[in-house]
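Here the structure comes first, spelled out in structure tokens, and everything after it is commentary.
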2 protein chains.
Amino acid sequence: MSILVVGSVAFDTVTTPFGEGKEVLGGSATHFSVSASFWTKVKLVAVVGDDFTPAHRRPLLEHDVDLGGLVVAPGRTFRWVGKYGYDLNVANTLDTQLGVFAHFSPVVPEPWRETPVVFLANIDPDLQADVLDQVRGPKLVAADTMNYWIDSKPESLKRLLARVDVVLMNDAEVRQLTKEPNLVRAASAIRSWGPSMVVVKRGEHGVLVFAGEGAFALPGFPLEEVLDPTGAGDAFAGGFLGYLAARGASKPWDARRAAVVGSVMASFQVEAFSLDRLDRLTLPEIRERYERFRELTAFEPLP
Amino acid sequence: MSILVVGSVAFDTVTTPFGEGKEVLGGSATHFSVSASFWTKVKLVAVVGDDFTPAHRRPLLEHDVDLGGLVVAPGRTFRWVGKYGYDLNVANTLDTQLGVFAHFSPVVPEPWRETPVVFLANIDPDLQADVLDQVRGPKLVAADTMNYWIDSKPESLKRLLARVDVVLMNDAEVRQLTKEPNLVRAASAIRSWGPSMVVVKRGEHGVLVFAGEGAFALPGFPLEEVLDPTGAGDAFAGGFLGYLAARGASKPWDARRAAVVGSVMASFQVEAFSLDRLDRLTLPEIRERYERFRELTAFEPLP
């Protein structure tokens, strides 16, 4: 089944100790869409400026992402300038130019309003709620957020969480939102507000999924080359939800395999700048890395 | 087979957001010994002052740790005063009083010199080398270290590493020693200096083992109560080596199960101050948590 994603499409200028990407295609909805496209059909709702060219559309179209909800507004596309040090877990934002994104008011095209799986990428929680007001009877709704919204709109965010099934956040955000340093208790608190599943992203340290009675933990894949972590969280979300959507998004969700698939997609994402790695990724490579995750984490019972 | 451990026995005064331990029994050799004692016989070489009472010996003796190498010197036992904030991964040292430890020159009792497994806990790498000069034909030698020795005695440390089979360090130390931010490449560098196995401890994020051709990664156990992380690394080492020693320390080492056992012991260690949790731990509890690690990390192949 298909996925509706609402989020940002941006031009990123990123510097890491290993290189630079200048005004490369980025944004949460972009990375999510390309990642999820390996698993299912993706419909994208976002806004870009009149500086967004056919060349920018190409990688999305080549991955069969439906751009029927990509509005072109007069002005400039959202730009982000960021830098990473050797601790690739921490992004330092140097500049943000919202451009046409400042007045983004997402409209879900009428034929898309019954899309069964909805991903609300990291945007203003009030806009995320607006999207939910437009869709009808989704089977599975997932949302991402960030520290900026936790600081500035905590009440809007909590109201939104009451309406979503799955929330994806990084560990610092989970602690910040709940004011609880212990992740197990923090995830319980968030689940008491609505989401039946909390996915805690931990960068190079992997992912922790709280769902049902138990937790699932997967370490990060130990990579020899990490060029740029930008988009890793969105690529994770794309793999995670893409896999669940491909499997029918029925309960009990196949959350463990989905978390591994998400981690596989994120592990490829960071191997290059922008969409460079996912753009040339193949399904056999994805399956092979999934198997390598199995080898990485396997151990026998005690004798 | 039995283990010889050389390291510190100390009185710790520890403050965490969840309580305080005042002059409680600590030290790397102490935590290691009690943890390893669940798996095999442990012989301890260390020095204490004349303020070390029979009450301090009790928990070690009750775990059948052989104190035949515990020298009592005139003066005060090593004292450490530390504090943890909500980020329990970072210990802030407030005070260190070496006491009799300042003149520690480890002597391995003659009957212990053929002990097959040797653990060199975190002390001066030149003293660790002295211990290796005294033992005869060990089957398995493992060593721990810390940032202090990496800064002050990097060459001594590298010479030591050429003589050990297994090195256990935390991720920051691995990066500091090798000046290589990427853990995969850093572990390769260390293995090129001698150790066939590098165990990277990552605190709440678990552990990464580089041995043979592949890597093994285990996430940390998501605990609802963490009172005091002091001794977690030593408890890990005790479980890790204790298990290998119990299995005969023969190659190919059963490193994956050993890393899980180490993680189980560390997960109990942090649930209370000092030795309080390990002191009342039982083998069925250890086996049960091992099984919970299996549940935590299990996932199926892709369909």
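As shown in the structure tokens, the chain order sets the letters A, B, ...; within each chain, residues go from 1, and ligands are also counted from 1 in the order they appear.
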
Check: which chain B residues lie within 10 Å of chain A using only C-alpha atoms, as a PyMOL selection string: chain B and resi 86-88+180-186+202+204-209+214-226+254-261+287+290-303

Could you list, as a ChimeraX atom specification, every residue within 6 Å of Asp165 (chain A), counting only C-alpha atoms and ignoring same-chain residues fewer than 2 positions away? /A:141-142,195-196

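Using only C-alpha atoms, the smallest distance between any of B:Leu227, B:Ala129, B:Leu177, B:Val81 and Asp95 (chain B) comes from B:Val81.
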
List the neighbours of His31 (chain A) out to 8 Å using only C-alpha atoms; skip same-chain residues closer than 2 positions along the sequence, and give me the result as a PyMOL selection string. chain A and resi 26-29+33-35+231+234-235+238+275

I'd like the neighbourhood of Asp50 (chain A) as an MDAnalysis selection string, where a residue qualifies if any of its atoms comes within 8 Å (using only C-alpha atoms), though same-chain residues fewer than 6 positions away should be ignored. chainID A and resid 72:77

Atoms kept (all heavy atoms) for selection, written as a tab-separated table (two decimals), in the first residue's frame:
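Saved file part.tsv follows:
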```
chain	number	residue	atom	x	y	z
A	72	VAL	N	4.82	24.53	-6.71
A	72	VAL	CA	5.88	25.49	-7.01
A	72	VAL	C	5.34	26.88	-6.71
A	72	VAL	O	4.34	27.30	-7.29
A	72	VAL	CB	6.32	25.40	-8.49
A	72	VAL	CG1	7.43	26.41	-8.76
A	72	VAL	CG2	6.78	23.98	-8.81
A	73	ALA	N	5.99	27.57	-5.76
A	73	ALA	CA	5.53	28.92	-5.38
A	73	ALA	C	6.57	29.94	-5.83
A	73	ALA	O	7.76	29.61	-5.95
A	73	ALA	CB	5.35	28.99	-3.87
A	74	PRO	N	6.15	31.16	-6.07
A	74	PRO	CA	7.13	32.17	-6.47
A	74	PRO	C	8.09	32.44	-5.31
A	74	PRO	O	7.65	32.65	-4.17
A	74	PRO	CB	6.28	33.42	-6.76
A	74	PRO	CG	4.86	33.04	-6.52
A	74	PRO	CD	4.79	31.68	-5.94
A	75	GLY	N	9.40	32.42	-5.60
A	75	GLY	CA	10.39	32.65	-4.54
A	75	GLY	C	11.44	31.57	-4.56
A	75	GLY	O	11.57	30.82	-5.53
A	76	ARG	N	12.18	31.49	-3.45
A	76	ARG	CA	13.30	30.56	-3.39
A	76	ARG	C	12.96	29.31	-2.60
A	76	ARG	O	12.22	29.35	-1.61
A	76	ARG	CB	14.49	31.26	-2.72
A	76	ARG	CG	15.36	32.08	-3.67
A	76	ARG	CD	16.19	33.10	-2.92
A	76	ARG	NE	17.18	32.50	-2.02
A	76	ARG	CZ	18.42	32.14	-2.37
A	76	ARG	NH1	18.82	32.28	-3.62
A	76	ARG	NH2	19.25	31.62	-1.49
A	77	THR	N	13.52	28.19	-3.01
A	77	THR	CA	13.39	26.94	-2.27
A	77	THR	C	14.11	27.05	-0.92
A	77	THR	O	15.11	27.77	-0.80
A	77	THR	CB	13.99	25.80	-3.12
A	77	THR	OG1	13.24	25.70	-4.34
A	77	THR	CG2	13.93	24.46	-2.37
```

Per DSSP on the backbone, filter region 189-246 of chain A down to the residues in alpha helix (DSSP H) and report them as a list in words.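 Checking each residue of region 189-246 of chain A, the alpha helix (DSSP H) ones are Ala189, Ile190, Arg191, Ser192, Ala232, Gly233, Asp234, Ala235, Phe236, Ala237, Gly238, Gly239, Phe240, Leu241, Gly242, Tyr243, Leu244, Ala245 and Ala246 of chain A.
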
Set the distance at 9 Å and use only C-alpha atoms: which residues neighbour Met265 (chain A) once local chain neighbours fewer than 6 positions away are removed? I'd like the list as a PyMOL selection string. chain A and resi 35-36+232+235-240+278+286

Store the residues picked out above in a file with N, CA and C atoms, as a short mmCIF file (atom, residue, chain, number, x, y, z; two decimals), in the first residue's frame.
```
data_model
loop_
_atom_site.label_atom_id
_atom_site.label_comp_id
_atom_site.auth_asym_id
_atom_site.auth_seq_id
_atom_site.Cartn_x
_atom_site.Cartn_y
_atom_site.Cartn_z
N SER A 35 14.03 6.88 -0.06
CA SER A 35 14.25 5.66 0.72
C SER A 35 13.02 4.74 0.69
N ALA A 36 11.85 5.31 0.91
CA ALA A 36 10.62 4.50 0.93
C ALA A 36 10.29 3.94 -0.44
N ALA A 232 19.97 10.87 7.34
CA ALA A 232 19.96 9.49 7.85
C ALA A 232 18.63 9.16 8.55
N ALA A 235 15.95 8.79 5.93
CA ALA A 235 16.12 7.53 5.19
C ALA A 235 15.68 6.36 6.07
N PHE A 236 15.99 6.45 7.38
CA PHE A 236 15.51 5.41 8.30
C PHE A 236 13.99 5.35 8.25
N ALA A 237 13.35 6.50 8.41
CA ALA A 237 11.88 6.54 8.43
C ALA A 237 11.31 6.00 7.13
N GLY A 238 11.97 6.31 6.01
CA GLY A 238 11.50 5.82 4.72
C GLY A 238 11.55 4.31 4.63
N GLY A 239 12.65 3.73 5.08
CA GLY A 239 12.75 2.28 5.07
C GLY A 239 11.77 1.64 6.05
N PHE A 240 11.68 2.23 7.23
CA PHE A 240 10.81 1.69 8.28
C PHE A 240 9.35 1.68 7.82
N LEU A 278 21.76 6.56 -2.32
CA LEU A 278 20.45 5.93 -2.53
C LEU A 278 20.07 5.95 -4.01
N ILE A 286 20.50 -3.97 -0.71
CA ILE A 286 19.70 -3.80 0.51
C ILE A 286 19.56 -5.14 1.23
#
```

Measuring atom to atom with only C-alpha atoms, identify which of B:Val131, B:Leu241, B:Val199, B:Val42 is nearest to Arg113 (chain B).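 Closest candidate: B:Val131.
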